[in-house]
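A.B. asks: Got a structure here, written out as structure tokens. Questions coming.
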Amino acid sequence: MILKKIITFDKSIALKLPDTIEGCHELIKQLLVIVEGLERRVQDLEDKLNKNSRNSHRPPSTDGLRKPALPAKKGGKRGGQAGHKGKTLKMVGQVDETIELKPEVCTACQQRLGADVDFLPESKRQVFELPPTRLHVYEYQRYSCTCGHCGHLNKADFPAGVAAPVQYGPRVKALVTLLHQNGCLSVSKIQSLFEDLFDAPLNEATIQECQRIAYERLEIEETYIQEQLQQSEHIHADETGVRCAGDLFWLHELGNERFTYQFVHKRRGIEAHQEEQSLLLNFKGWLLHDCWAPYFNLDECQHALCNAHLLRELKALQERKRKWAANFHAFLLDLHKKTDQGRGQLPQHQRPPTIRKYSRLLEAGYREEPQPQKSARGRPKKSKGRNLLERLDMHWKAVLAFTHHKHIPFTNNLAERDIRPAKSKLKVAGCFRTLPGAQAYARTHSFISTVRKHQYNAFNELVNIFSGLTPSYRTEGT
């Protein structure tokens, strides 16, 4: 389109050249306006082409083999670090089956070794293997009898949950739910897997019924998670779009190092957090987010910003030769290092100099960034650097919150990690066919993520849910 306009303009120049000096000057002015517009257009296209996870909000999966946005701590050795709990396969004391291997023939004289030989233990090796896979069928036979004293007919009670002549047990339901919601397997793949492993093809209605039962029984757990987060010192917040019932909905994430809570809403902004399903309206602690403007409408909480997002924006400006952005980028990384990679806080005497340096960097940025361009209509257009500067200026306390409070992390990566499985789910399924399906995913994934943060087995905890029991991570203490 740009090339076509240039060619058309060149033809008009060839046909009608000015005859006067004033006409030439006017033509030059028109050409300068066109060149300036083309330069801006080329710069915008180059910026889009050069975007990656280091200078934009694109996911790292689009980078290939590139370095992360935050540099790793240098000087350490490769592999597992000191204090890291490894998962190397080790021998166990209690085995399920012992197979004795005894020599039958002497390797020297070829005589058969009989019962008169004393066999001594030499060594042992253990093999961890799956048992033969088949569904274990329990048959409950109920008996009745007549009382010899009064003649009343007495019948035994079936166990709780055994309500139909034929049904699947809680372990099957837990596995189906785990595969569908957390393993991101489609209904057809779960059917194929059960047929291959257990010779028991499930129908689609059974798989959907497992999701419905899990959703209903996890309502109590969702309430418990909300209560725990409401009392937390800080909460990470994020959101991502999901296709649901042919429309765009938003999956909202609220969580910390111990609990995860997700819910689906039609809106992305403050409307989603003004309803009962959100817990931010009356939250009093610290809210860590990526500077999405609607979050600042929540007045009860204190705000902290994700510095990984800021580093990416500064990196993009640094690549466009903005000196202030390079200095500010180095400044944040230096604070990241001084606070033990965001896990600590600055000493009291270092905080005033840090704030003063922050102000000097902003002043240098205002001198370097161009003033907003006047527009024929609407507000003056600001450059990306100018917008970032004003955000850094307006929310400086939120940017530096991690240096003043030990429990405030440097980034909002925890929320991004918690919400990322939803994208894997959508890559497999394409969308959620119904809103209840999306809500079932959000509640189930919140529970599974919370259980794993407590270092408990998600499958066993789902078995407890389907068995009508309280999950172990709650009964054994949080």
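Lettering and numbering for the structure tokens are positional, with chains as A, B, ... in the shown order, residues counted from 1 in each chain, and ligands counted from 1 in the shown order.
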Where in range 73-264 of chain A does DSSP assign strand (DSSP E), given as an NGL selection string?
C.D. replies: :A and (144-146 or 153-155 or 234-244 or 247-255 or 260-264)
A.B. asks: Give me, as a PDB file with N, CA and C atoms, in the first residue's frame, all polymer residues having an atom no more than 9 Å from Glu300 in chain A, counting only C-alpha atoms and skipping those fewer than 3 positions away in the same chain.
C.D. replies:
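To be explicit, this is the file written out as selection_1.pdb:
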ATOM      1  N   LEU A 280     -11.543  -8.996  45.619  1.00  0.00           N
ATOM      2  CA  LEU A 280     -10.673  -7.823  45.708  1.00  0.00           C
ATOM      3  C   LEU A 280     -11.396  -6.567  46.187  1.00  0.00           C
ATOM      4  N   LEU A 281     -12.715  -6.572  46.150  1.00  0.00           N
ATOM      5  CA  LEU A 281     -13.433  -5.346  46.470  1.00  0.00           C
ATOM      6  C   LEU A 281     -13.154  -4.880  47.895  1.00  0.00           C
ATOM      7  N   ASN A 282     -12.984  -5.822  48.828  1.00  0.00           N
ATOM      8  CA  ASN A 282     -12.714  -5.482  50.223  1.00  0.00           C
ATOM      9  C   ASN A 282     -11.341  -5.970  50.684  1.00  0.00           C
ATOM     10  N   PHE A 283     -10.465  -6.265  49.733  1.00  0.00           N
ATOM     11  CA  PHE A 283      -9.131  -6.757  50.084  1.00  0.00           C
ATOM     12  C   PHE A 283      -8.276  -5.619  50.632  1.00  0.00           C
ATOM     13  N   LYS A 284      -7.601  -5.846  51.756  1.00  0.00           N
ATOM     14  CA  LYS A 284      -6.846  -4.799  52.449  1.00  0.00           C
ATOM     15  C   LYS A 284      -5.336  -4.904  52.249  1.00  0.00           C
ATOM     16  N   GLY A 285      -4.859  -6.006  51.690  1.00  0.00           N
ATOM     17  CA  GLY A 285      -3.417  -6.210  51.585  1.00  0.00           C
ATOM     18  C   GLY A 285      -2.808  -5.591  50.333  1.00  0.00           C
TER      19      GLY A 285
END
A.B. asks: How close does range 165-227 of chain A get to range 132-143 of chain A? List, as a tab-separated table, each residue of range 165-227 of chain A within 12 Å, its nearest atom pair and the distance in Å to one decimal, counting only C-alpha atoms.
C.D. replies:
residue	atom	partner	partner_atom	distance
A:Pro165	CA	A:Tyr140	CA	9.6
A:Val166	CA	A:Glu139	CA	9.3
A:Gln167	CA	A:Val137	CA	10.0
A:Tyr168	CA	A:Val137	CA	9.2
A:Gly169	CA	A:Val137	CA	9.3
A:Arg171	CA	A:Leu135	CA	10.3
A:Val172	CA	A:Leu135	CA	8.9
A:Leu193	CA	A:Thr133	CA	11.7
A:Phe194	CA	A:Arg134	CA	9.6
A:Glu195	CA	A:Arg134	CA	10.1
A:Asp196	CA	A:Thr133	CA	9.5
A:Leu197	CA	A:Thr133	CA	6.0
A:Phe198	CA	A:Arg134	CA	4.6
A:Asp199	CA	A:Arg134	CA	7.2
A:Ala200	CA	A:Leu135	CA	7.8
A:Pro201	CA	A:Leu135	CA	11.3
A.B. asks: Please produce an output containing N, CA and C atoms for each residue in the selection, written as a PDB file, in the first residue's frame.
C.D. replies:
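Just written: out-v4.pdb:
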ATOM      1  N   PRO A 165     -26.890 -49.629  40.256  1.00  0.00           N
ATOM      2  CA  PRO A 165     -26.518 -51.039  40.064  1.00  0.00           C
ATOM      3  C   PRO A 165     -25.106 -51.188  39.492  1.00  0.00           C
ATOM      4  N   VAL A 166     -24.738 -50.295  38.589  1.00  0.00           N
ATOM      5  CA  VAL A 166     -23.398 -50.314  37.988  1.00  0.00           C
ATOM      6  C   VAL A 166     -22.894 -48.872  37.934  1.00  0.00           C
ATOM      7  N   GLN A 167     -21.671 -48.620  38.375  1.00  0.00           N
ATOM      8  CA  GLN A 167     -21.131 -47.270  38.357  1.00  0.00           C
ATOM      9  C   GLN A 167     -19.613 -47.311  38.478  1.00  0.00           C
ATOM     10  N   TYR A 168     -18.985 -46.175  38.171  1.00  0.00           N
ATOM     11  CA  TYR A 168     -17.543 -46.039  38.350  1.00  0.00           C
ATOM     12  C   TYR A 168     -17.261 -45.494  39.749  1.00  0.00           C
ATOM     13  N   GLY A 169     -16.110 -45.886  40.283  1.00  0.00           N
ATOM     14  CA  GLY A 169     -15.733 -45.473  41.621  1.00  0.00           C
ATOM     15  C   GLY A 169     -15.023 -44.128  41.645  1.00  0.00           C
ATOM     16  N   ARG A 171     -11.949 -43.267  42.292  1.00  0.00           N
ATOM     17  CA  ARG A 171     -10.610 -43.195  41.702  1.00  0.00           C
ATOM     18  C   ARG A 171     -10.698 -43.024  40.183  1.00  0.00           C
ATOM     19  N   VAL A 172     -11.655 -43.689  39.567  1.00  0.00           N
ATOM     20  CA  VAL A 172     -11.858 -43.503  38.123  1.00  0.00           C
ATOM     21  C   VAL A 172     -12.306 -42.066  37.848  1.00  0.00           C
ATOM     22  N   LEU A 193      -7.605 -43.486  25.787  1.00  0.00           N
ATOM     23  CA  LEU A 193      -6.660 -43.889  26.822  1.00  0.00           C
ATOM     24  C   LEU A 193      -7.252 -44.976  27.719  1.00  0.00           C
ATOM     25  N   PHE A 194      -8.494 -44.810  28.141  1.00  0.00           N
ATOM     26  CA  PHE A 194      -9.123 -45.821  28.999  1.00  0.00           C
ATOM     27  C   PHE A 194      -9.338 -47.131  28.250  1.00  0.00           C
ATOM     28  N   GLU A 195      -9.608 -47.038  26.970  1.00  0.00           N
ATOM     29  CA  GLU A 195      -9.779 -48.271  26.197  1.00  0.00           C
ATOM     30  C   GLU A 195      -8.447 -48.991  26.030  1.00  0.00           C
ATOM     31  N   ASP A 196      -7.356 -48.238  25.809  1.00  0.00           N
ATOM     32  CA  ASP A 196      -6.035 -48.848  25.643  1.00  0.00           C
ATOM     33  C   ASP A 196      -5.519 -49.444  26.948  1.00  0.00           C
ATOM     34  N   LEU A 197      -5.706 -48.726  28.059  1.00  0.00           N
ATOM     35  CA  LEU A 197      -5.120 -49.160  29.334  1.00  0.00           C
ATOM     36  C   LEU A 197      -5.998 -50.167  30.072  1.00  0.00           C
ATOM     37  N   PHE A 198      -7.289 -49.918  30.099  1.00  0.00           N
ATOM     38  CA  PHE A 198      -8.169 -50.701  30.960  1.00  0.00           C
ATOM     39  C   PHE A 198      -9.214 -51.509  30.193  1.00  0.00           C
ATOM     40  N   ASP A 199      -9.211 -51.397  28.864  1.00  0.00           N
ATOM     41  CA  ASP A 199     -10.233 -52.065  28.055  1.00  0.00           C
ATOM     42  C   ASP A 199     -11.629 -51.675  28.540  1.00  0.00           C
ATOM     43  N   ALA A 200     -11.762 -50.380  28.866  1.00  0.00           N
ATOM     44  CA  ALA A 200     -13.032 -49.882  29.394  1.00  0.00           C
ATOM     45  C   ALA A 200     -13.340 -48.533  28.759  1.00  0.00           C
ATOM     46  N   PRO A 201     -13.892 -48.521  27.555  1.00  0.00           N
ATOM     47  CA  PRO A 201     -14.200 -47.237  26.901  1.00  0.00           C
ATOM     48  C   PRO A 201     -15.298 -46.479  27.646  1.00  0.00           C
TER      49      PRO A 201
END
A.B. asks: Find, counting only C-alpha atoms, the residue in A:Arg379, A:Arg258, A:Lys16, A:Lys338 that gets nearest to Ile448 in chain A.
C.D. replies: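 Closest to Ile448 in chain A, using only C-alpha atoms: A:Arg258.
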